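A.B. asks: My structure file target-v1.pdb, PDB, C-alpha atoms and all ligand atoms, is below:
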```
ATOM      1  CA  MET B   1     -24.828   2.169 -16.996
ATOM      2  CA  SER B   2     -21.656   3.630 -15.645
ATOM      3  CA  ALA B   3     -19.794   2.568 -12.524
ATOM      4  CA  ALA B   4     -19.868   4.249  -9.138
ATOM      5  CA  ILE B   5     -16.528   5.964  -8.640
ATOM      6  CA  ILE B   6     -14.743   4.792  -5.506
ATOM      7  CA  ASP B   7     -13.448   8.032  -3.983
ATOM      8  CA  GLY B   8     -10.119   7.034  -2.445
ATOM      9  CA  LYS B   9      -9.308  10.603  -1.553
ATOM     10  CA  ALA B  10     -12.418  10.985   0.621
ATOM     11  CA  ALA B  11     -11.973   7.542   2.206
ATOM     12  CA  ALA B  12      -8.320   8.322   2.961
ATOM     13  CA  GLN B  13      -9.181  11.675   4.534
ATOM     14  CA  ALA B  14     -11.815  10.029   6.737
ATOM     15  CA  LEU B  15      -9.280   7.407   7.870
ATOM     16  CA  ARG B  16      -6.615  10.069   8.486
ATOM     17  CA  ASP B  17      -9.079  12.102  10.575
ATOM     18  CA  ARG B  18      -9.886   9.029  12.686
ATOM     19  CA  ILE B  19      -6.181   8.280  13.175
ATOM     20  CA  ALA B  20      -5.494  11.916  14.151
ATOM     21  CA  ASP B  21      -8.139  11.629  16.907
ATOM     22  CA  GLU B  22      -6.523   8.414  18.165
ATOM     23  CA  VAL B  23      -3.074  10.018  18.042
ATOM     24  CA  GLY B  24      -4.418  12.800  20.269
ATOM     25  CA  ARG B  25      -5.510  10.206  22.841
ATOM     26  CA  PHE B  26      -2.179   8.362  22.528
ATOM     27  CA  ARG B  27      -0.255  11.580  23.153
ATOM     28  CA  SER B  28      -2.326  12.464  26.228
ATOM     29  CA  ALA B  29      -1.891   8.972  27.666
ATOM     30  CA  THR B  30       1.839   8.525  26.957
ATOM     31  CA  ARG B  31       3.126  12.121  26.841
ATOM     32  CA  ARG B  32       4.827  11.411  23.525
ATOM     33  CA  ALA B  33       3.977  11.397  19.824
ATOM     34  CA  PRO B  34       4.246   8.327  17.575
ATOM     35  CA  GLY B  35       7.276   8.719  15.281
ATOM     36  CA  LEU B  36       7.837   7.618  11.682
ATOM     37  CA  ALA B  37      11.303   7.597  10.090
ATOM     38  CA  VAL B  38      11.341   7.724   6.295
ATOM     39  CA  VAL B  39      14.588   7.079   4.439
ATOM     40  CA  LEU B  40      15.119   8.202   0.849
ATOM     41  CA  VAL B  41      18.301   7.248  -0.994
ATOM     42  CA  GLY B  42      19.004   9.203  -4.174
ATOM     43  CA  GLU B  43      16.960  11.706  -6.125
ATOM     44  CA  ASP B  44      14.311   9.745  -7.985
ATOM     45  CA  PRO B  45      11.640  12.451  -8.520
ATOM     46  CA  ALA B  46       8.640  10.128  -8.060
ATOM     47  CA  SER B  47      10.096   8.730  -4.820
ATOM     48  CA  ALA B  48      10.818  12.262  -3.592
ATOM     49  CA  VAL B  49       7.152  13.196  -4.159
ATOM     50  CA  TYR B  50       5.944  10.110  -2.246
ATOM     51  CA  VAL B  51       8.321  10.761   0.641
ATOM     52  CA  ARG B  52       7.184  14.381   0.902
ATOM     53  CA  SER B  53       3.514  13.308   0.950
ATOM     54  CA  LYS B  54       4.239  10.706   3.638
ATOM     55  CA  GLY B  55       6.031  13.283   5.814
ATOM     56  CA  LYS B  56       3.185  15.798   5.452
ATOM     57  CA  ALA B  57       0.534  13.213   6.319
ATOM     58  CA  THR B  58       2.537  12.080   9.361
ATOM     59  CA  ILE B  59       2.725  15.618  10.729
ATOM     60  CA  ALA B  60      -0.942  16.330   9.895
ATOM     61  CA  ALA B  61      -1.903  13.293  12.012
ATOM     62  CA  GLY B  62      -0.029  14.733  15.014
ATOM     63  CA  MET B  63       2.941  12.378  14.710
ATOM     64  CA  GLU B  64       6.670  13.060  14.488
ATOM     65  CA  SER B  65       8.267  12.720  11.066
ATOM     66  CA  PHE B  66      11.994  12.003  10.775
ATOM     67  CA  GLU B  67      13.277  12.307   7.203
ATOM     68  CA  HIS B  68      16.662  10.911   6.224
ATOM     69  CA  ARG B  69      17.841  11.857   2.744
ATOM     70  CA  LEU B  70      20.985  10.090   1.616
ATOM     71  CA  PRO B  71      22.994  10.564  -1.589
ATOM     72  CA  ALA B  72      22.522   8.169  -4.519
ATOM     73  CA  ASP B  73      26.012   6.674  -3.993
ATOM     74  CA  THR B  74      25.295   5.648  -0.364
ATOM     75  CA  SER B  75      26.790   2.231   0.435
ATOM     76  CA  GLU B  76      24.745  -0.709   1.680
ATOM     77  CA  GLU B  77      26.847  -0.719   4.831
ATOM     78  CA  HIS B  78      25.999   2.912   5.545
ATOM     79  CA  LEU B  79      22.268   2.334   5.033
ATOM     80  CA  LEU B  80      22.376  -0.788   7.240
ATOM     81  CA  ALA B  81      24.022   1.284   9.976
ATOM     82  CA  LEU B  82      21.247   3.900   9.752
ATOM     83  CA  VAL B  83      18.535   1.208   9.924
ATOM     84  CA  GLU B  84      20.239  -0.275  12.976
ATOM     85  CA  LYS B  85      20.317   3.137  14.641
ATOM     86  CA  LEU B  86      16.587   3.659  13.919
ATOM     87  CA  ASN B  87      15.793   0.153  15.235
ATOM     88  CA  HIS B  88      17.187   1.234  18.604
ATOM     89  CA  ASP B  89      15.825   4.792  18.656
ATOM     90  CA  PRO B  90      12.971   4.899  21.215
ATOM     91  CA  THR B  91      11.362   7.933  19.490
ATOM     92  CA  VAL B  92      10.981   5.946  16.242
ATOM     93  CA  ASP B  93       7.958   3.611  16.079
ATOM     94  CA  GLY B  94       7.939   3.001  12.337
ATOM     95  CA  ILE B  95      10.712   2.754   9.735
ATOM     96  CA  LEU B  96      10.123   3.067   6.004
ATOM     97  CA  VAL B  97      12.958   2.823   3.488
ATOM     98  CA  GLN B  98      11.579   4.096   0.184
ATOM     99  CA  LEU B  99      11.994   1.648  -2.707
ATOM    100  CA  PRO B 100      13.468   1.251  -5.257
ATOM    101  CA  LEU B 101      17.007   1.580  -3.913
ATOM    102  CA  PRO B 102      20.083   2.305  -6.069
ATOM    103  CA  ALA B 103      21.677  -0.741  -7.705
ATOM    104  CA  GLN B 104      24.634  -1.000  -5.278
ATOM    105  CA  ILE B 105      22.236  -1.734  -2.389
ATOM    106  CA  ASP B 106      20.585  -5.126  -1.916
ATOM    107  CA  GLU B 107      16.940  -4.321  -1.144
ATOM    108  CA  SER B 108      16.246  -7.584   0.610
ATOM    109  CA  ALA B 109      19.253  -7.101   2.931
ATOM    110  CA  ILE B 110      17.818  -3.734   3.986
ATOM    111  CA  ILE B 111      14.282  -5.077   4.476
ATOM    112  CA  LEU B 112      15.683  -7.957   6.579
ATOM    113  CA  ALA B 113      17.571  -5.486   8.780
ATOM    114  CA  ILE B 114      14.425  -3.536   9.804
ATOM    115  CA  ASP B 115      13.007  -4.563  13.186
ATOM    116  CA  PRO B 116       9.782  -6.422  12.222
ATOM    117  CA  ASP B 117       7.930  -4.557  15.000
ATOM    118  CA  LYS B 118       8.853  -1.215  13.348
ATOM    119  CA  ASP B 119       8.248  -2.492   9.809
ATOM    120  CA  VAL B 120       5.210  -0.318   9.012
ATOM    121  CA  ASP B 121       5.577  -1.218   5.303
ATOM    122  CA  GLY B 122       4.959  -4.875   6.171
ATOM    123  CA  PHE B 123       7.754  -5.983   3.809
ATOM    124  CA  HIS B 124       9.855  -7.985   6.301
ATOM    125  CA  PRO B 125       9.535 -11.778   5.823
ATOM    126  CA  VAL B 126       8.380 -12.079   9.446
ATOM    127  CA  ASN B 127       5.386  -9.844   8.659
ATOM    128  CA  ALA B 128       4.787 -11.588   5.315
ATOM    129  CA  GLY B 129       4.729 -14.881   7.258
ATOM    130  CA  ARG B 130       2.371 -13.476   9.881
ATOM    131  CA  LEU B 131      -0.029 -12.384   7.132
ATOM    132  CA  ALA B 132       0.218 -15.774   5.406
ATOM    133  CA  THR B 133      -0.548 -17.622   8.642
ATOM    134  CA  GLY B 134      -3.237 -15.255   9.971
ATOM    135  CA  LEU B 135      -1.185 -13.848  12.863
ATOM    136  CA  PRO B 136      -1.289 -10.153  13.811
ATOM    137  CA  GLY B 137       1.494  -8.150  12.150
ATOM    138  CA  PHE B 138       2.001  -5.321   9.695
ATOM    139  CA  VAL B 139       0.240  -5.568   6.350
ATOM    140  CA  PRO B 140       1.644  -3.682   3.323
ATOM    141  CA  CYS B 141      -0.151  -0.348   3.003
ATOM    142  CA  THR B 142      -1.310  -0.508  -0.623
ATOM    143  CA  PRO B 143      -3.174  -3.836  -0.434
ATOM    144  CA  LEU B 144      -4.540  -2.892   3.005
ATOM    145  CA  GLY B 145      -5.908   0.322   1.478
ATOM    146  CA  CYS B 146      -7.458  -1.665  -1.410
ATOM    147  CA  LEU B 147      -9.166  -4.023   1.048
ATOM    148  CA  LYS B 148     -10.614  -1.091   2.998
ATOM    149  CA  LEU B 149     -11.951   0.485  -0.225
ATOM    150  CA  LEU B 150     -13.559  -2.810  -1.258
ATOM    151  CA  GLN B 151     -15.165  -3.310   2.151
ATOM    152  CA  ALA B 152     -16.528   0.247   2.082
ATOM    153  CA  ALA B 153     -17.916  -0.208  -1.448
ATOM    154  CA  LEU B 154     -19.268  -3.771  -1.158
ATOM    155  CA  GLY B 155     -19.666  -4.532   2.545
ATOM    156  CA  ASP B 156     -19.151  -8.228   3.229
ATOM    157  CA  LEU B 157     -16.757  -9.810   0.697
ATOM    158  CA  ARG B 158     -17.527 -13.413   1.711
ATOM    159  CA  GLY B 159     -17.767 -15.892  -1.163
ATOM    160  CA  LYS B 160     -16.920 -13.380  -3.880
ATOM    161  CA  GLU B 161     -14.699 -14.329  -6.817
ATOM    162  CA  ALA B 162     -11.606 -12.127  -6.643
ATOM    163  CA  VAL B 163      -8.927 -11.963  -9.313
ATOM    164  CA  VAL B 164      -5.666 -10.194  -8.492
ATOM    165  CA  VAL B 165      -3.518  -9.431 -11.535
ATOM    166  CA  GLY B 166       0.147  -9.098 -10.532
ATOM    167  CA  ARG B 167       2.211 -11.187  -8.098
ATOM    168  CA  SER B 168       4.597  -8.694  -6.474
ATOM    169  CA  ASN B 169       5.600  -9.050  -2.830
ATOM    170  CA  ILE B 170       4.421  -5.472  -2.200
ATOM    171  CA  VAL B 171       0.925  -5.684  -3.687
ATOM    172  CA  GLY B 172      -0.211  -8.831  -5.514
ATOM    173  CA  LYS B 173       0.734 -11.553  -3.023
ATOM    174  CA  PRO B 174      -0.416  -9.737   0.145
ATOM    175  CA  MET B 175      -3.597  -8.600  -1.663
ATOM    176  CA  ALA B 176      -4.451 -12.217  -2.485
ATOM    177  CA  LEU B 177      -3.886 -13.220   1.163
ATOM    178  CA  LEU B 178      -6.037 -10.351   2.478
ATOM    179  CA  LEU B 179      -8.891 -11.278   0.131
ATOM    180  CA  LEU B 180      -8.548 -14.907   1.186
ATOM    181  CA  GLY B 181      -8.735 -13.740   4.807
ATOM    182  CA  ALA B 182     -11.988 -11.952   3.902
ATOM    183  CA  ASP B 183     -13.352 -15.298   2.610
ATOM    184  CA  CYS B 184     -13.134 -14.513  -1.114
ATOM    185  CA  THR B 185     -12.329 -17.207  -3.650
ATOM    186  CA  VAL B 186      -9.016 -15.882  -4.904
ATOM    187  CA  THR B 187      -7.136 -16.264  -8.172
ATOM    188  CA  LEU B 188      -3.657 -14.744  -8.367
ATOM    189  CA  ALA B 189      -3.019 -14.068 -12.051
ATOM    190  CA  HIS B 190       0.182 -12.769 -13.625
ATOM    191  CA  SER B 191       2.041 -12.226 -16.881
ATOM    192  CA  ARG B 192       2.202 -15.999 -17.605
ATOM    193  CA  THR B 193      -1.473 -16.665 -16.885
ATOM    194  CA  ARG B 194      -3.088 -18.475 -19.804
ATOM    195  CA  ASP B 195      -6.130 -16.633 -21.194
ATOM    196  CA  LEU B 196      -6.070 -13.702 -18.775
ATOM    197  CA  PRO B 197      -9.262 -12.157 -20.271
ATOM    198  CA  GLU B 198     -11.272 -15.323 -19.415
ATOM    199  CA  VAL B 199      -9.850 -15.408 -15.883
ATOM    200  CA  VAL B 200     -10.699 -11.739 -15.268
ATOM    201  CA  ARG B 201     -14.206 -12.230 -16.750
ATOM    202  CA  ARG B 202     -15.290 -14.435 -13.861
ATOM    203  CA  ALA B 203     -14.299 -11.907 -11.180
ATOM    204  CA  ASP B 204     -16.705 -10.034  -8.903
ATOM    205  CA  ILE B 205     -13.585  -8.167  -7.718
ATOM    206  CA  VAL B 206     -10.631  -7.287  -9.934
ATOM    207  CA  VAL B 207      -7.426  -5.836  -8.474
ATOM    208  CA  ALA B 208      -4.952  -4.757 -11.171
ATOM    209  CA  ALA B 209      -1.352  -4.342  -9.990
ATOM    210  CA  VAL B 210       0.968  -5.057 -12.896
ATOM    211  CA  GLY B 211       2.412  -1.676 -13.851
ATOM    212  CA  ARG B 212       1.291  -1.874 -17.500
ATOM    213  CA  PRO B 213      -0.908   1.039 -18.632
ATOM    214  CA  GLY B 214      -4.388  -0.022 -19.736
ATOM    215  CA  LEU B 215      -3.584  -3.766 -19.684
ATOM    216  CA  VAL B 216      -6.985  -4.715 -18.248
ATOM    217  CA  ARG B 217      -9.541  -4.015 -20.961
ATOM    218  CA  GLY B 218     -13.158  -3.014 -20.557
ATOM    219  CA  GLU B 219     -14.430  -6.137 -22.336
ATOM    220  CA  TRP B 220     -12.707  -8.341 -19.732
ATOM    221  CA  ILE B 221     -14.849  -6.928 -16.913
ATOM    222  CA  LYS B 222     -17.962  -8.770 -15.748
ATOM    223  CA  PRO B 223     -20.906  -6.341 -15.656
ATOM    224  CA  GLY B 224     -21.276  -4.970 -12.130
ATOM    225  CA  ALA B 225     -17.812  -6.044 -10.920
ATOM    226  CA  ALA B 226     -15.739  -3.894  -8.529
ATOM    227  CA  VAL B 227     -12.444  -2.812 -10.094
ATOM    228  CA  ILE B 228      -9.463  -1.596  -8.062
ATOM    229  CA  ASP B 229      -6.661  -0.091 -10.130
ATOM    230  CA  VAL B 230      -3.309  -0.007  -8.306
ATOM    231  CA  GLY B 231      -1.307   1.080 -11.374
ATOM    232  CA  ILE B 232       0.328   4.495 -11.468
ATOM    233  CA  ASN B 233       1.966   4.705 -14.880
ATOM    234  CA  ARG B 234       3.557   7.893 -16.143
ATOM    235  CA  THR B 235       2.723   8.066 -19.844
ATOM    236  CA  GLU B 236       2.820  10.836 -22.425
ATOM    237  CA  GLY B 237      -0.886  11.370 -21.747
ATOM    238  CA  GLY B 238      -0.241  11.819 -17.996
ATOM    239  CA  LEU B 239      -0.863   9.390 -15.131
ATOM    240  CA  THR B 240      -2.756   6.244 -16.111
ATOM    241  CA  GLY B 241      -3.675   3.075 -14.308
ATOM    242  CA  ASP B 242      -3.414  -0.589 -15.308
ATOM    243  CA  VAL B 243      -7.097  -0.579 -16.313
ATOM    244  CA  ASP B 244      -8.579   0.958 -19.456
ATOM    245  CA  TYR B 245     -10.710   3.297 -17.352
ATOM    246  CA  PRO B 246     -13.121   4.723 -19.958
ATOM    247  CA  ALA B 247     -14.107   1.251 -21.200
ATOM    248  CA  ALA B 248     -14.086  -0.486 -17.808
ATOM    249  CA  SER B 249     -16.141   2.224 -16.078
ATOM    250  CA  ALA B 250     -18.933   1.676 -18.608
ATOM    251  CA  VAL B 251     -19.276  -1.973 -17.460
ATOM    252  CA  ALA B 252     -18.111  -2.149 -13.831
ATOM    253  CA  GLY B 253     -20.363  -1.608 -10.821
ATOM    254  CA  ALA B 254     -17.664   0.378  -8.995
ATOM    255  CA  ILE B 255     -14.162   1.488  -9.965
ATOM    256  CA  THR B 256     -11.240   3.460  -8.545
ATOM    257  CA  PRO B 257      -9.903   6.386 -10.592
ATOM    258  CA  VAL B 258      -6.181   7.076 -11.146
ATOM    259  CA  PRO B 259      -5.179   9.369  -9.534
ATOM    260  CA  GLY B 260      -7.482   9.730  -6.522
ATOM    261  CA  GLY B 261      -8.190   6.043  -5.913
ATOM    262  CA  VAL B 262      -5.716   3.716  -4.246
ATOM    263  CA  GLY B 263      -2.800   6.192  -3.864
ATOM    264  CA  PRO B 264      -4.250   8.322  -1.043
ATOM    265  CA  MET B 265      -5.318   5.173   0.852
ATOM    266  CA  THR B 266      -1.735   3.864   0.809
ATOM    267  CA  ILE B 267      -0.569   6.908   2.750
ATOM    268  CA  ALA B 268      -3.524   6.779   5.156
ATOM    269  CA  CYS B 269      -2.718   3.119   5.895
ATOM    270  CA  LEU B 270       0.930   4.004   6.548
ATOM    271  CA  ILE B 271      -0.232   6.488   9.173
ATOM    272  CA  ARG B 272      -2.497   3.815  10.615
ATOM    273  CA  ASN B 273       0.327   1.245  10.754
ATOM    274  CA  THR B 274       2.569   3.778  12.507
ATOM    275  CA  LEU B 275      -0.027   4.402  15.206
ATOM    276  CA  VAL B 276      -0.484   0.628  15.623
ATOM    277  CA  ALA B 277       3.313   0.239  15.962
ATOM    278  CA  ALA B 278       3.438   2.968  18.621
ATOM    279  CA  ALA B 279       0.484   1.498  20.520
ATOM    280  CA  ARG B 280       2.054  -1.970  20.509
ATOM    281  CA  ARG B 281       5.300  -0.596  21.912
ATOM    282  CA  ASP B 282       3.767   1.801  24.382
ATOM    283  CA  GLY B 283       0.046   1.217  24.586
TER     284      GLY B 283
HETATM  285  N1  LIG S 301       7.902   2.367  -3.324
HETATM  286  C1  LIG S 301       6.692   2.335  -3.914
HETATM  287  N2  LIG S 301       5.726   2.025  -3.015
HETATM  288  C2  LIG S 301       6.358   1.871  -1.835
HETATM  289  C3  LIG S 301       5.896   1.569  -0.521
HETATM  290  O1  LIG S 301       4.705   1.351  -0.258
HETATM  291  N3  LIG S 301       6.862   1.516   0.440
HETATM  292  C4  LIG S 301       8.175   1.724   0.177
HETATM  293  N4  LIG S 301       9.024   1.626   1.179
HETATM  294  N5  LIG S 301       8.619   2.010  -1.031
HETATM  295  C5  LIG S 301       7.715   2.083  -2.018
END
```
Output the file's structure as structure tokens, nothing else.
C.D. replies:
Amino acid sequence: MSAAIIDGKAAAQALRDRIADEVGRFRSATRRAPGLAVVLVGEDPASAVYVRSKGKATIAAGMESFEHRLPADTSEEHLLALVEKLNHDPTVDGILVQLPLPAQIDESAIILAIDPDKDVDGFHPVNAGRLATGLPGFVPCTPLGCLKLLQAALGDLRGKEAVVVGRSNIVGKPMALLLLGADCTVTLAHSRTRDLPEVVRRADIVVAAVGRPGLVRGEWIKPGAAVIDVGINRTEGGLTGDVDYPAASAVAGAITPVPGGVGPMTIACLIRNTLVAAARRDG
């Protein structure tokens, strides 16, 4: 039996359509549009593609998009000054500084400088702490998108065994906390996990976010499990995820493709977070 394909593109479009309707109501009520500022430092081609997609989605939702493109040799001081300016700009509800940043800039210094109430990426330690303690705040877009896909595919997640592979601040850690918040029994596995195949084998839900093409093998998947593949790896064969898709899709109950799975949901959730930021400031 082969897995149901979780169509992230369709789910993302549905979410973006809902947000666009809400933006229309927000604009009528407040006489202004929510605004998202996106900052790109340097010319990394993958980052440039993401930033362009984010800008397009922002405008399509009826919001204002402010793009700031800075040269690769921008100093940390200069970027901090821009962030400070955006923090105080009343037309800007959300601020996103595209990562990775060039080596001369300390990423954590930049993240710390963003006003937590405009931190639509959910990377600021204040928002990470809010998520960890169950307080309202901004949740990173990729794990939020994964949670929404899982809820749409499975309904109630209560009591399910979830294994997250990868412990990054951007995906793995917040994903584990979100699944815990949905009453899953959560294991956060990583590169030093002993016997990773055995750990993954007990999962009803597998989220792979390690950045290693095909690391999660088909024979590790419990029959019927839901598999969410966050990996976007550029290989000679094109874009591939962290899951061996052909083998895993023969065993899983549901699986996200790469591309067309998690990626579109990340952008839809960014749009959602921006509307939430605007509504909190001006609702
Ligand atoms: N680089 C890769 N993914 C992301 C993301 O979600 N936000 C930011 N700011 N940078 C990224």
A.B. asks: Between B:Gln98, B:Asn87, B:Ser168, B:Ser47, which one has atoms that come closest to ligand LIG 301 (chain S), using all atoms listed in the file?
C.D. replies: B:Gln98
A.B. asks: Smallest atom-to-atom distance to Leu135 in chain B: which of B:Gly181, B:Asp115, B:Ala162, B:Ser65, using all atoms listed in the file?
C.D. replies: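 Nearest to Leu135 in chain B: B:Gly181.
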A.B. asks: Which residue, B:Arg16, B:Asp21, B:Val210, B:Ile6, has the smallest gap to Val227 in chain B when you use all atoms listed in the file?
C.D. replies: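 Checking each of B:Arg16, B:Asp21, B:Val210, B:Ile6 against Val227 in chain B, counting all atoms listed in the file, the winner is B:Ile6.
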A.B. asks: With distances taken over all atoms listed in the file, which of B:Ala81, B:Ala279, B:Leu157, B:Ile110 is nearest to ligand LIG 301 (chain S)?
C.D. replies: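 That would be B:Ile110, the residue with the smallest distance to ligand LIG 301 (chain S).
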A.B. asks: Expressed in Å to a single decimal, how great is the separation between CA of Ile221 in chain B and CA of Cys184 in chain B?
C.D. replies: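 Going from CA of Ile221 in chain B over to CA of Cys184 in chain B covers 17.6 Å.
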A.B. asks: Taking all atoms listed in the file into account, which of B:Val92, B:Val38, B:Ala33, B:Leu15 comes nearest ligand LIG 301 (chain S)?
C.D. replies: B:Val38
A.B. asks: Identify, on the basis of all atoms listed in the file, every residue whose closest approach to Ala57 in chain B does not exceed 12 Å; exclude the query and any residue fewer than 5 positions from it along the same chain; express the result as a ChimeraX atom specification.
C.D. replies: /B:12-13,15-17,19-20,36,50-52,62-65,264-272,274
A.B. asks: What are the centre and edge lengths in Å, to one decimal, of the axis-aligned box around all listed atoms of range 269-281 of chain B with 4 Å added on each side, as lines of an AutoDock Vina configuration file?
C.D. replies:
```
center_x = 1.3
center_y = 2.3
center_z = 13.9
size_x = 16.0
size_y = 16.5
size_z = 24.0
```
